[in-house]
Structure formats: structure tokens, C-alpha cells
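Structure below is final.csv: CSV, C-alpha atoms and all ligand atoms.
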chain,number,residue,atom,x,y,z
A,79,MET,CA,237.7,-72.3,67.8
A,80,SER,CA,238.4,-72.5,64.1
A,81,GLU,CA,238.9,-69.3,62.1
A,82,SER,CA,237.2,-70.3,58.9
A,83,HIS,CA,235.6,-67.2,57.4
A,84,PRO,CA,233.2,-67.8,54.5
A,85,SER,CA,234.7,-66.1,51.5
A,86,THR,CA,232.0,-66.4,48.9
A,87,GLY,CA,228.3,-67.0,48.6
A,88,ARG,CA,228.6,-68.7,45.2
A,89,ASP,CA,227.8,-72.1,46.6
A,90,GLY,CA,225.0,-70.7,48.6
A,91,TYR,CA,224.6,-68.5,51.7
A,92,ARG,CA,224.4,-70.0,55.2
A,93,ILE,CA,222.5,-67.8,57.7
A,94,ALA,CA,222.8,-68.8,61.4
A,95,VAL,CA,219.4,-67.9,62.9
A,96,VAL,CA,219.4,-67.4,66.7
A,97,PRO,CA,215.7,-67.1,67.7
A,98,GLY,CA,216.5,-66.5,71.4
A,99,ASP,CA,214.0,-65.6,74.1
A,100,GLY,CA,210.6,-63.9,74.6
A,101,ILE,CA,209.4,-62.5,71.3
A,102,GLY,CA,212.7,-63.5,69.6
A,103,PRO,CA,211.4,-66.8,68.0
A,104,GLU,CA,208.3,-65.1,66.7
A,105,VAL,CA,210.0,-62.2,65.0
A,106,SER,CA,212.8,-64.2,63.6
A,107,ALA,CA,210.5,-66.8,62.1
A,108,ALA,CA,208.4,-64.0,60.5
A,109,THR,CA,211.7,-62.5,59.1
A,110,VAL,CA,212.9,-65.8,57.6
A,111,ARG,CA,209.5,-66.2,56.0
A,112,VAL,CA,209.7,-62.7,54.4
A,113,LEU,CA,213.3,-63.1,53.3
A,114,THR,CA,212.5,-66.4,51.7
A,115,GLN,CA,209.6,-64.8,49.9
A,116,ALA,CA,211.7,-61.9,48.6
A,117,LEU,CA,214.5,-64.1,47.4
A,118,GLY,CA,212.4,-66.9,45.9
A,119,THR,CA,212.5,-70.5,47.1
A,120,SER,CA,215.2,-71.5,44.6
A,121,PHE,CA,217.7,-68.9,45.7
A,122,PRO,CA,220.7,-70.6,47.3
A,123,ILE,CA,220.3,-69.6,50.9
A,124,GLU,CA,219.9,-71.7,54.0
A,125,PHE,CA,218.5,-70.6,57.3
A,126,ARG,CA,219.4,-72.8,60.3
A,127,ASP,CA,218.4,-72.2,63.9
A,128,TYR,CA,220.9,-72.3,66.8
A,129,ASP,CA,220.4,-72.1,70.5
A,130,ALA,CA,221.5,-69.2,72.7
A,131,GLY,CA,220.1,-66.8,75.3
A,132,ALA,CA,218.4,-67.0,78.7
A,133,GLU,CA,216.3,-70.2,78.2
A,134,CYS,CA,219.4,-71.8,76.8
A,135,PHE,CA,221.3,-70.8,79.9
A,136,ARG,CA,218.5,-72.2,82.1
A,137,ARG,CA,218.6,-75.5,80.3
A,138,THR,CA,222.4,-75.9,79.7
A,139,GLY,CA,224.2,-73.5,82.0
A,140,THR,CA,225.5,-71.4,79.1
A,141,ALA,CA,223.9,-68.6,77.1
A,142,PHE,CA,226.2,-69.0,74.1
A,143,PRO,CA,227.0,-72.7,73.5
A,144,GLU,CA,230.2,-73.6,71.7
A,145,ALA,CA,228.2,-75.1,68.8
A,146,THR,CA,226.4,-71.9,68.3
A,147,GLN,CA,229.7,-69.9,68.4
A,148,VAL,CA,231.2,-72.1,65.7
A,149,ALA,CA,228.1,-71.8,63.5
A,150,CYS,CA,227.9,-68.0,63.9
A,151,ARG,CA,231.6,-67.7,63.0
A,152,GLN,CA,231.2,-69.9,60.0
A,153,ALA,CA,227.9,-68.6,58.7
A,154,HIS,CA,227.8,-65.8,56.0
A,155,ALA,CA,225.7,-63.8,58.5
A,156,VAL,CA,223.8,-64.1,61.7
A,157,LEU,CA,220.1,-63.2,62.2
A,158,HIS,CA,218.9,-62.8,65.8
A,159,GLY,CA,215.4,-62.5,67.3
A,160,ALA,CA,216.1,-61.2,70.9
A,161,ALA,CA,217.8,-62.6,74.0
A,162,GLY,CA,217.5,-62.2,77.7
A,163,LEU,CA,214.8,-62.7,80.4
A,164,PRO,CA,214.6,-60.5,83.5
A,165,ASP,CA,214.3,-63.4,85.9
A,166,VAL,CA,217.3,-65.5,84.5
A,167,LEU,CA,220.2,-63.9,86.3
A,168,PHE,CA,223.8,-64.6,87.1
A,169,PRO,CA,224.7,-64.6,90.8
A,170,ASP,CA,226.0,-61.0,90.4
A,171,GLY,CA,222.4,-59.9,89.4
A,172,THR,CA,223.2,-59.3,85.7
A,173,GLU,CA,221.0,-61.0,83.0
A,174,ALA,CA,222.4,-64.3,81.8
A,175,GLY,CA,220.7,-64.0,78.4
A,176,GLN,CA,222.6,-60.7,77.7
A,177,ASP,CA,225.7,-62.8,77.5
A,178,PHE,CA,224.9,-63.9,74.0
A,179,SER,CA,224.9,-60.4,72.5
A,180,MET,CA,227.8,-59.3,74.5
A,181,LYS,CA,229.9,-62.3,73.7
A,182,ILE,CA,229.1,-62.5,70.0
A,183,ARG,CA,230.1,-58.8,69.6
A,184,ALA,CA,233.5,-59.6,71.1
A,185,ALA,CA,233.9,-63.0,69.4
A,186,LEU,CA,233.2,-61.7,65.9
A,187,ASP,CA,234.6,-58.2,66.5
A,188,LEU,CA,231.3,-56.5,65.5
A,189,TYR,CA,232.6,-53.0,66.2
A,190,ALA,CA,230.0,-51.0,64.3
A,191,ASN,CA,226.4,-51.1,65.6
A,192,VAL,CA,224.4,-49.3,62.9
A,193,ARG,CA,220.9,-48.1,63.7
A,194,PRO,CA,219.1,-46.3,61.0
A,195,ILE,CA,216.4,-44.0,62.4
A,196,ARG,CA,213.8,-43.4,59.6
A,197,LEU,CA,210.2,-42.3,60.1
A,198,MET,CA,208.2,-44.2,57.6
A,199,GLU,CA,204.7,-43.3,56.2
A,200,GLY,CA,202.1,-44.8,58.4
A,201,ALA,CA,204.3,-45.2,61.5
A,202,PRO,CA,203.1,-43.4,64.7
A,203,ARG,CA,204.3,-39.8,64.8
A,204,ARG,CA,205.7,-39.1,68.2
A,205,LEU,CA,207.1,-35.7,67.5
A,206,VAL,CA,204.6,-32.9,66.8
A,207,GLY,CA,205.1,-31.3,63.4
A,208,LYS,CA,207.8,-33.8,62.2
A,209,GLY,CA,207.1,-36.2,59.3
A,210,PRO,CA,209.1,-38.7,57.2
A,211,ASP,CA,211.0,-35.9,55.5
A,212,ASP,CA,212.4,-34.7,58.8
A,213,ILE,CA,213.5,-37.9,60.5
A,214,ARG,CA,216.3,-39.7,58.6
A,215,PHE,CA,219.6,-40.2,60.4
A,216,THR,CA,221.8,-43.0,61.5
A,217,ILE,CA,223.3,-43.7,64.9
A,218,VAL,CA,226.7,-45.5,64.7
A,219,ARG,CA,227.3,-46.9,68.1
A,220,GLU,CA,230.8,-48.2,69.0
A,221,ASN,CA,230.0,-51.8,69.9
A,222,THR,CA,233.1,-53.5,71.4
A,223,GLU,CA,234.5,-51.0,73.8
A,224,GLY,CA,233.1,-48.2,76.1
A,225,LEU,CA,231.5,-48.9,79.4
A,226,TYR,CA,230.0,-52.3,78.3
A,227,ALA,CA,233.5,-53.6,77.8
A,228,ALA,CA,233.7,-53.8,81.6
A,229,ARG,CA,230.9,-56.5,81.7
A,230,GLY,CA,232.0,-59.3,84.0
A,231,GLY,CA,235.0,-57.3,85.2
A,232,GLY,CA,233.4,-54.8,87.6
A,233,ASN,CA,234.1,-54.8,91.3
A,234,ILE,CA,232.0,-54.4,94.5
A,235,ILE,CA,234.3,-53.3,97.3
A,236,ARG,CA,233.3,-54.1,100.9
A,237,GLY,CA,229.6,-54.0,99.8
A,238,GLN,CA,230.0,-50.2,99.7
A,239,ILE,CA,231.5,-49.2,96.4
A,240,ALA,CA,230.9,-50.5,92.9
A,241,THR,CA,233.2,-49.9,89.9
A,242,ASP,CA,233.0,-50.6,86.2
A,243,THR,CA,235.7,-49.3,83.9
A,244,LEU,CA,235.1,-47.5,80.6
A,245,VAL,CA,237.5,-48.6,78.0
A,246,MET,CA,238.6,-46.7,74.9
A,247,THR,CA,241.4,-47.5,72.5
A,248,ARG,CA,242.8,-45.3,69.8
A,249,GLU,CA,242.3,-48.1,67.2
A,250,GLY,CA,238.7,-48.7,68.4
A,251,VAL,CA,237.8,-45.0,68.2
A,252,GLU,CA,239.5,-44.5,64.8
A,253,ARG,CA,237.7,-47.4,63.2
A,254,ILE,CA,234.2,-46.5,64.4
A,255,VAL,CA,234.6,-42.9,63.3
A,256,ARG,CA,236.0,-44.0,59.9
A,257,TYR,CA,232.9,-46.1,59.6
A,258,ALA,CA,230.6,-43.2,60.4
A,259,ALA,CA,232.5,-41.0,57.9
A,260,GLU,CA,232.1,-43.5,55.1
A,261,LEU,CA,228.3,-43.8,55.8
A,262,ALA,CA,228.0,-40.0,55.7
A,263,ARG,CA,230.1,-39.8,52.5
A,264,ASP,CA,227.9,-42.4,50.8
A,265,GLY,CA,224.6,-41.0,52.1
A,266,GLN,CA,222.2,-38.2,51.1
A,267,GLY,CA,223.1,-35.7,53.9
A,268,ALA,CA,220.8,-34.3,56.6
A,269,PRO,CA,217.2,-33.8,55.7
A,270,ALA,CA,217.3,-30.1,56.7
A,271,ASP,CA,220.0,-28.9,54.4
A,272,GLY,CA,221.5,-31.9,52.5
A,273,VAL,CA,224.8,-31.4,54.4
A,274,ARG,CA,226.9,-34.6,54.9
A,275,ARG,CA,227.4,-34.3,58.6
A,276,VAL,CA,229.0,-36.4,61.4
A,277,THR,CA,227.9,-35.5,64.9
A,278,ILE,CA,230.3,-36.6,67.5
A,279,VAL,CA,228.3,-37.2,70.7
A,280,ASP,CA,230.3,-37.6,74.0
A,281,LYS,CA,230.7,-36.2,77.5
A,282,ALA,CA,234.1,-34.7,76.8
A,283,ASN,CA,233.4,-31.8,79.2
A,284,VAL,CA,233.4,-34.2,82.2
A,285,LEU,CA,235.4,-37.4,81.5
A,286,ARG,CA,238.9,-37.8,80.1
A,287,SER,CA,237.9,-40.9,78.1
A,288,TYR,CA,235.3,-39.0,76.2
A,289,ALA,CA,237.8,-36.2,75.6
A,290,PHE,CA,240.1,-38.8,74.2
A,291,PHE,CA,237.2,-40.1,72.0
A,292,ARG,CA,236.6,-36.6,70.7
A,293,GLU,CA,240.2,-35.8,70.0
A,294,ILE,CA,240.7,-38.9,68.0
A,295,ALA,CA,237.4,-38.5,66.2
A,296,ASP,CA,238.4,-34.9,65.2
A,297,GLY,CA,241.7,-36.3,63.8
A,298,VAL,CA,240.0,-38.9,61.7
A,299,LEU,CA,237.4,-36.5,60.3
A,300,ALA,CA,240.0,-33.8,59.5
A,301,ASP,CA,241.0,-36.1,56.7
A,302,CYS,CA,237.4,-36.5,55.3
A,303,PRO,CA,236.7,-33.6,52.9
A,304,GLY,CA,233.0,-32.8,52.2
A,305,ILE,CA,231.9,-33.8,55.7
A,306,GLU,CA,230.8,-31.3,58.3
A,307,VAL,CA,231.8,-32.2,61.8
A,308,GLU,CA,230.1,-31.1,65.0
A,309,HIS,CA,230.2,-31.9,68.7
A,310,VAL,CA,227.2,-32.4,70.9
A,311,ILE,CA,227.3,-33.4,74.6
A,312,VAL,CA,225.1,-36.5,75.1
A,313,ASP,CA,222.5,-34.9,77.5
A,314,ALA,CA,222.0,-32.0,75.1
A,315,MET,CA,221.7,-34.6,72.3
A,316,THR,CA,218.5,-36.0,73.8
A,317,VAL,CA,216.9,-32.6,73.4
A,318,HIS,CA,218.2,-31.9,69.9
A,319,MET,CA,216.9,-35.3,68.7
A,320,ILE,CA,213.4,-34.3,69.8
A,321,GLU,CA,213.5,-30.7,68.8
A,322,ARG,CA,215.3,-30.8,65.4
A,323,PRO,CA,215.9,-34.3,64.2
A,324,GLU,CA,216.1,-33.0,60.6
A,325,HIS,CA,219.5,-31.5,61.4
A,326,PHE,CA,221.2,-34.9,61.9
A,327,ASP,CA,222.8,-37.2,59.3
A,328,VAL,CA,225.2,-39.6,61.0
A,329,ILE,CA,225.8,-39.7,64.8
A,330,VAL,CA,228.8,-41.5,66.2
A,331,CYS,CA,229.2,-42.3,69.9
A,332,GLU,CA,230.5,-44.6,72.6
A,333,ASN,CA,228.7,-47.9,73.3
A,334,LEU,CA,226.5,-47.0,76.3
A,335,PHE,CA,225.5,-43.6,74.9
A,336,GLY,CA,224.6,-45.3,71.6
A,337,ASP,CA,222.4,-47.8,73.4
A,338,ILE,CA,220.5,-45.1,75.1
A,339,LEU,CA,220.2,-42.7,72.2
A,340,SER,CA,219.1,-45.5,69.8
A,341,ASP,CA,216.1,-46.3,72.0
A,342,LEU,CA,215.2,-42.6,71.9
A,343,GLY,CA,215.7,-42.8,68.1
A,344,ALA,CA,213.4,-45.9,68.0
A,345,ALA,CA,210.7,-44.0,69.8
A,346,ILE,CA,210.8,-41.1,67.4
A,347,MET,CA,210.5,-43.4,64.4
A,348,GLY,CA,207.4,-44.9,65.9
A,349,GLY,CA,208.5,-47.5,68.5
A,350,MET,CA,210.8,-50.3,69.4
A,351,GLY,CA,208.9,-52.7,67.1
A,352,LEU,CA,210.1,-50.7,64.0
A,353,ALA,CA,213.7,-50.0,64.6
A,354,PRO,CA,216.3,-52.3,62.9
A,355,SER,CA,220.0,-52.7,63.5
A,356,GLY,CA,223.1,-54.2,61.9
A,357,GLU,CA,226.2,-55.0,63.9
A,358,ILE,CA,229.1,-55.2,61.6
A,359,GLY,CA,232.8,-56.0,61.7
A,360,ARG,CA,235.4,-56.6,59.1
A,361,ASP,CA,234.5,-60.3,58.6
A,362,HIS,CA,231.1,-60.8,60.1
A,363,GLY,CA,227.6,-59.3,60.3
A,364,TYR,CA,224.9,-59.8,63.0
A,365,PHE,CA,221.4,-58.4,62.5
A,366,GLN,CA,218.5,-58.0,65.0
A,367,GLY,CA,215.8,-55.5,65.8
A,368,SER,CA,216.9,-52.8,68.3
A,369,HIS,CA,214.3,-54.1,70.8
A,370,GLY,CA,214.8,-56.6,73.6
A,371,SER,CA,212.9,-59.9,74.2
A,372,ALA,CA,209.7,-58.1,75.5
A,373,PRO,CA,208.7,-61.1,77.6
A,374,THR,CA,205.3,-59.6,78.7
A,375,ILE,CA,204.0,-59.9,75.1
A,376,ALA,CA,205.8,-63.1,74.1
A,377,GLY,CA,203.8,-66.0,72.7
A,378,LYS,CA,200.7,-63.9,72.1
A,379,GLY,CA,201.2,-62.9,68.5
A,380,LEU,CA,201.5,-59.3,69.6
A,381,ALA,CA,205.2,-58.8,68.7
A,382,ASN,CA,205.8,-56.4,65.8
A,383,PRO,CA,208.1,-58.2,63.3
A,384,ILE,CA,209.0,-55.1,61.3
A,385,ALA,CA,212.2,-54.3,63.3
A,386,CYS,CA,213.5,-57.8,62.7
A,387,ILE,CA,212.3,-57.8,59.0
A,388,LEU,CA,214.1,-54.5,58.3
A,389,SER,CA,217.2,-55.9,60.0
A,390,GLY,CA,216.9,-58.9,57.7
A,391,ALA,CA,216.9,-56.4,54.8
A,392,MET,CA,220.0,-54.8,56.2
A,393,MET,CA,221.6,-58.2,56.3
A,394,LEU,CA,220.8,-58.8,52.6
A,395,ASP,CA,222.2,-55.4,51.7
A,396,TRP,CA,225.4,-56.2,53.6
A,397,LEU,CA,225.7,-59.6,52.0
A,398,GLY,CA,224.9,-58.2,48.6
A,399,LYS,CA,227.7,-55.6,48.9
A,400,ARG,CA,230.2,-58.1,50.4
A,401,HIS,CA,229.6,-60.7,47.7
A,402,SER,CA,228.8,-58.3,44.8
A,403,ASP,CA,225.4,-60.0,44.4
A,404,PRO,CA,222.7,-57.7,43.1
A,405,ALA,CA,220.0,-60.3,43.7
A,406,LEU,CA,220.5,-59.8,47.4
A,407,THR,CA,220.5,-56.0,47.1
A,408,ARG,CA,217.4,-56.0,45.1
A,409,ALA,CA,215.6,-58.3,47.5
A,410,ALA,CA,216.5,-55.9,50.4
A,411,GLU,CA,215.0,-53.0,48.5
A,412,ARG,CA,211.8,-55.0,47.7
A,413,ILE,CA,211.5,-55.9,51.4
A,414,ARG,CA,211.8,-52.3,52.4
A,415,GLU,CA,209.2,-51.2,49.8
A,416,ALA,CA,206.7,-54.0,50.7
A,417,THR,CA,207.1,-53.2,54.5
A,418,GLY,CA,206.6,-49.5,53.8
A,419,ALA,CA,203.5,-50.2,51.8
A,420,VAL,CA,202.0,-52.4,54.5
A,421,LEU,CA,202.8,-49.9,57.1
A,422,LYS,CA,201.3,-47.0,55.1
A,423,ALA,CA,198.1,-49.0,54.4
A,424,GLY,CA,197.9,-49.8,58.1
A,425,ARG,CA,196.7,-53.3,57.2
A,426,ALA,CA,197.5,-56.2,59.4
A,427,VAL,CA,200.0,-54.3,61.6
A,428,THR,CA,200.4,-55.0,65.3
A,429,PRO,CA,198.9,-53.2,68.3
A,430,ASP,CA,202.1,-51.4,69.3
A,431,ILE,CA,201.7,-49.2,66.3
A,432,GLY,CA,197.9,-48.9,66.4
A,433,GLY,CA,196.9,-51.9,64.4
A,434,SER,CA,194.8,-54.9,65.3
A,435,GLY,CA,196.9,-57.5,63.4
A,436,SER,CA,199.4,-60.0,64.7
A,437,THR,CA,203.0,-61.0,64.1
A,438,GLU,CA,201.7,-63.6,61.6
A,439,SER,CA,199.3,-61.3,59.8
A,440,CYS,CA,201.9,-58.6,59.4
A,441,ALA,CA,204.4,-61.0,58.0
A,442,ALA,CA,201.8,-62.6,55.7
A,443,GLU,CA,200.8,-59.2,54.4
A,444,ILE,CA,204.4,-58.2,53.6
A,445,CYS,CA,204.8,-61.6,51.8
A,446,ALA,CA,201.6,-61.0,49.8
A,447,THR,CA,202.8,-57.5,48.9
A,448,LEU,CA,206.1,-59.0,47.7
A,449,GLY,CA,204.1,-61.3,45.5
B,1,LIG,P1,216.6,-54.8,76.5
B,1,LIG,O1,217.1,-54.4,77.8
B,1,LIG,O2,216.9,-56.2,76.1
B,1,LIG,O3,216.9,-53.9,75.4
B,1,LIG,P2,214.0,-54.0,77.4
B,1,LIG,O4,213.3,-54.9,78.3
B,1,LIG,O5,214.6,-52.8,77.9
B,1,LIG,O6,215.0,-54.8,76.5
B,1,LIG,P3,212.3,-54.2,75.1
B,1,LIG,O7,212.2,-55.6,75.3
B,1,LIG,O8,212.9,-53.6,73.9
B,1,LIG,O9,213.0,-53.5,76.4
B,1,LIG,O10,210.8,-53.6,75.3
B,1,LIG,C1,210.5,-52.2,75.6
B,1,LIG,C2,209.0,-52.0,75.4
B,1,LIG,O11,208.8,-52.0,74.0
B,1,LIG,C3,208.1,-53.0,76.0
B,1,LIG,O12,207.0,-52.4,76.5
B,1,LIG,C4,207.8,-54.0,74.9
B,1,LIG,O13,206.6,-54.6,75.1
B,1,LIG,C5,207.8,-53.1,73.7
B,1,LIG,N1,208.3,-53.8,72.5
B,1,LIG,C6,209.6,-54.0,72.2
B,1,LIG,N2,209.8,-54.7,71.1
B,1,LIG,C7,208.5,-54.8,70.6
B,1,LIG,C8,208.0,-55.4,69.4
B,1,LIG,N3,208.8,-56.0,68.5
B,1,LIG,N4,206.7,-55.4,69.2
B,1,LIG,C9,205.9,-54.8,70.1
B,1,LIG,N5,206.3,-54.2,71.2
B,1,LIG,C10,207.6,-54.2,71.5
Using the file provided, produce a representation of the structure as C-alpha cells.
Amino acid sequence: MSESHPSTGRDGYRIAVVPGDGIGPEVSAATVRVLTQALGTSFPIEFRDYDAGAECFRRTGTAFPEATQVACRQAHAVLHGAAGLPDVLFPDGTEAGQDFSMKIRAALDLYANVRPIRLMEGAPRRLVGKGPDDIRFTIVRENTEGLYAARGGGNIIRGQIATDTLVMTREGVERIVRYAAELARDGQGAPADGVRRVTIVDKANVLRSYAFFREIADGVLADCPGIEVEHVIVDAMTVHMIERPEHFDVIVCENLFGDILSDLGAAIMGGMGLAPSGEIGRDHGYFQGSHGSAPTIAGKGLANPIACILSGAMMLDWLGKRHSDPALTRAAERIREATGAVLKAGRAVTPDIGGSGSTESCAAEICATLG
């Protein structure tokens, strides 16, 4: 595979769009529509669709075709709907469609999975007594190591014992913790006290690998003045996120723990349909809502496009910073403002957050608000 990294957006940005399965095509189409509206039709950006996921596997025998791999590598960024269907399985029982996300993370070395948890005005409030001023933190999930690094390499022994191996490397832990520290340094601190804080979440009291993670994280953060460091065991973290979310600023953790905690985070910001994510490496960025393909609501216009739209805004922010292009940064801000206004007004939003609108009507309302 060729290693040609796009270095500049001067001649126009190429975005590889991977619609995927289930609600993926609906939410990614809605997102492209909103991004185009925010940037203006004359802005030099091209969105091109590529095949991947469970349906692709069913048709072609692979969930991540070579042509899509090349396009994702050569694009300035990748926007994804969702991939995976529960009935499209490998012989070992794992989901074939998941191969796309797993493989692209490894192929593009997308080591930081950034999941901002923000309760917006108008979003359902799942926690009694907690409002938008209380819920504003970011989960930084290590995305290339941890337990998921074992995918495809586990063993079943004599039909009696199953093993998957949790992988941690010094370099992998150092870079994810550095990423979390930089986010905290550049952010506003925790809502409760304005303290820039990195919370290291692990299970260091039980497993050696997590103790290794903690020790390395402490070493990295010792060199980061102005950042408060704390340790929380993952099971206790689920309680703290519910009882005192305002205490948290940036949370850093291993891959599997980050996957679980970020679904809890999505719930406390109003639901899976609202939670964005950005998966970022040194040379590449891949953006998708935190949700899966939700096949039971696919094709019915019920999918909330906001998670994917906010992920698209994260993509523009990332591109704007990377290419020093303020037009992209401004468009990202405008998308967040317009989405916030539509959510606050409750107009045209989807049933998962209490509205009677559709994927289409929600995107159309955001576009109309952008003007
Ligand atoms: P994965 O394992 O791929 O993360 P999942 O099957 O565990 O996926 P999701 O697909 O994220 O879970 O769906 C969980 C629940 O949230 C489902 O009830 C689904 O209908 C709902 N949901 C997820 N995303 C959306 C969305 N964008 N709009 C509306 N409802 C959604």
C-alpha cells in the first residue's frame, strides 16, 4: 500500500466518506449536507463515498476493501456513518463489519479516540439535578492497544478455555497520556472548580498491565505543570460519572474501558444519537458518531444525525488546525452553534431525544439555521 500522506489542503480537501451499514448511510449523508452548507458550495472540498462494513463483507468477502484502504489513507480525513450488523458474522462468531473500524485504527495508527461529553441545552437530562454547566468532560480512549488489540488472535482451547491477551506498550501509553495532557492544558478545566485535571482510569489494583499503564501515565504527567492528576478504578468511575460529572475534565484510559465509559458518557449527555467522536493519529483523522449501526431503526428516518454531524464538526476543527485554515475552524463553530440552536428549540429533532422529526428534517433544520 502506498504511503502518500496529503500534506496540504491548498488544492482542495478530499474527504473519504464510508457510509457503512444500518443507519450509517442516513447519518453520513445528513452530515455531508450540513458540512457543505456550512462551508459553502464553492469551498474546495470533495466528499466521495467508499464501500466498507458488513454489507460489503456479505457482497465481496471483505469488510475493508483494498480500494477503500487506499482512499482512506490518501484522503485528508475520513468520515464514517457506522458499520456492523449482528447477523453478519465470521465463523468465530465475531461481527464481520467491526473489522472496518478495527482495521482502519491499526492501518492509520489512530491512537487517540477522543469523545467529548457535553450536555447541550435541549438534550434529555438523564441525571437528576445536573445541567449543561455540570457535564463537560472528554474521554480519551487509547485506540490501538489494550484488550481489543487481541482481535483475531484469541484462542479457544479444547472447547473449554478462551483467551484474549491485553496489550500495553510503553510508547502506546506515553503517547495517549501526552495527548490527554495536551487536551487538558488547552481546555477550560473541570466545570466544578476550573481545575485542569487528568483522571487516569484503570484497574491497577488487580491487573499488572493496568498497573503498568498507571505508572507510565504518572511519569508522563509528572512533567506537565498546571495539571492535577488523579487515579480512579474503572468500576468506581461509573459511579462518579453519574454522581459528580462536574468534577471531571479529561479522562484517559485503556481501549475497552474507554469503549464502555464513553457509552455511559453518551447516555448522560442525552443518548447515543448525540455523542460524537474523533479518532486521531499523527497523520490521519477518522470521525464518526459514538453509536453503532442501530439496525432496528435503519431506513426509517428515525436515526438522529446529530452525533455524526458533531463528529463532522470535529473533523473540520482537526483539519483547520492541521492546515492552518480558519475557514474550516469557523465552519465547525457555526455547525456546533446551529446544532445547539436546533436542539434547544426542539424543532425537527428525532424521537430518541423526544422529538417527532426525522433524520432529514433535523439536518434540514440545521442547514436552515446555518443559512
Ligand atoms: P456497537 O456495538 O456497534 O457500538 P450497539 O448495537 O451496541 O452498537 P448502537 O447501535 O449504538 O449499539 O445502539 C444502541 C441503542 O441506541 C439502540 O437502541 C439504538 O436504536 C440507539 N441509537 C444508536 N444510535 C442512534 C441514533 N443515531 N439515533 C437514534 N437512536 C440511536
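Compared by their closest atoms to ligand LIG 1 (chain B), and using all atoms listed in the file, the residues A:Asp327, A:Asp361, A:Glu220, A:Asp430 rank with A:Asp430 nearest.
In this model, the gap between CA of Gly370 (chain A) and CA of Glu124 (chain A) comes to 25.3 Å.
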All residues 6 Å or closer to region 206-216 of chain A, all atoms listed in the file, same chain fewer than 3 positions away omitted, as a PDB file with C-alpha atoms, in the frame of the given file:
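And here is the file that came out, out.pdb:
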ATOM      1  CA  ARG A 193     220.900 -48.100  63.700  1.00  0.00           C
ATOM      2  CA  PRO A 194     219.100 -46.300  61.000  1.00  0.00           C
ATOM      3  CA  ILE A 195     216.400 -44.000  62.400  1.00  0.00           C
ATOM      4  CA  ARG A 196     213.800 -43.400  59.600  1.00  0.00           C
ATOM      5  CA  LEU A 197     210.200 -42.300  60.100  1.00  0.00           C
ATOM      6  CA  MET A 198     208.200 -44.200  57.600  1.00  0.00           C
ATOM      7  CA  PRO A 269     217.200 -33.800  55.700  1.00  0.00           C
ATOM      8  CA  PRO A 323     215.900 -34.300  64.200  1.00  0.00           C
ATOM      9  CA  GLU A 324     216.100 -33.000  60.600  1.00  0.00           C
ATOM     10  CA  PHE A 326     221.200 -34.900  61.900  1.00  0.00           C
ATOM     11  CA  ASP A 327     222.800 -37.200  59.300  1.00  0.00           C
ATOM     12  CA  VAL A 328     225.200 -39.600  61.000  1.00  0.00           C
TER      13      VAL A 328
END
Step by step, measure atom-to-atom distances between ligand LIG 1 (chain B) and each residue using all atoms listed in the file, keep those at most 8 Å, then write them as a PyMOL selection string. chain A and resi 101+105+160-162+164+176+349-352+367-375+380-386+428-431
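For the residues A:Val279, A:Glu104, A:Tyr128, A:Gly139, ranking by smallest atom-to-atom distance to Ser436 (chain A) using only C-alpha atoms places A:Glu104 first.
Between CA of Phe178 (chain A) and CA of Ile217 (chain A) the separation is 22.2 Å.
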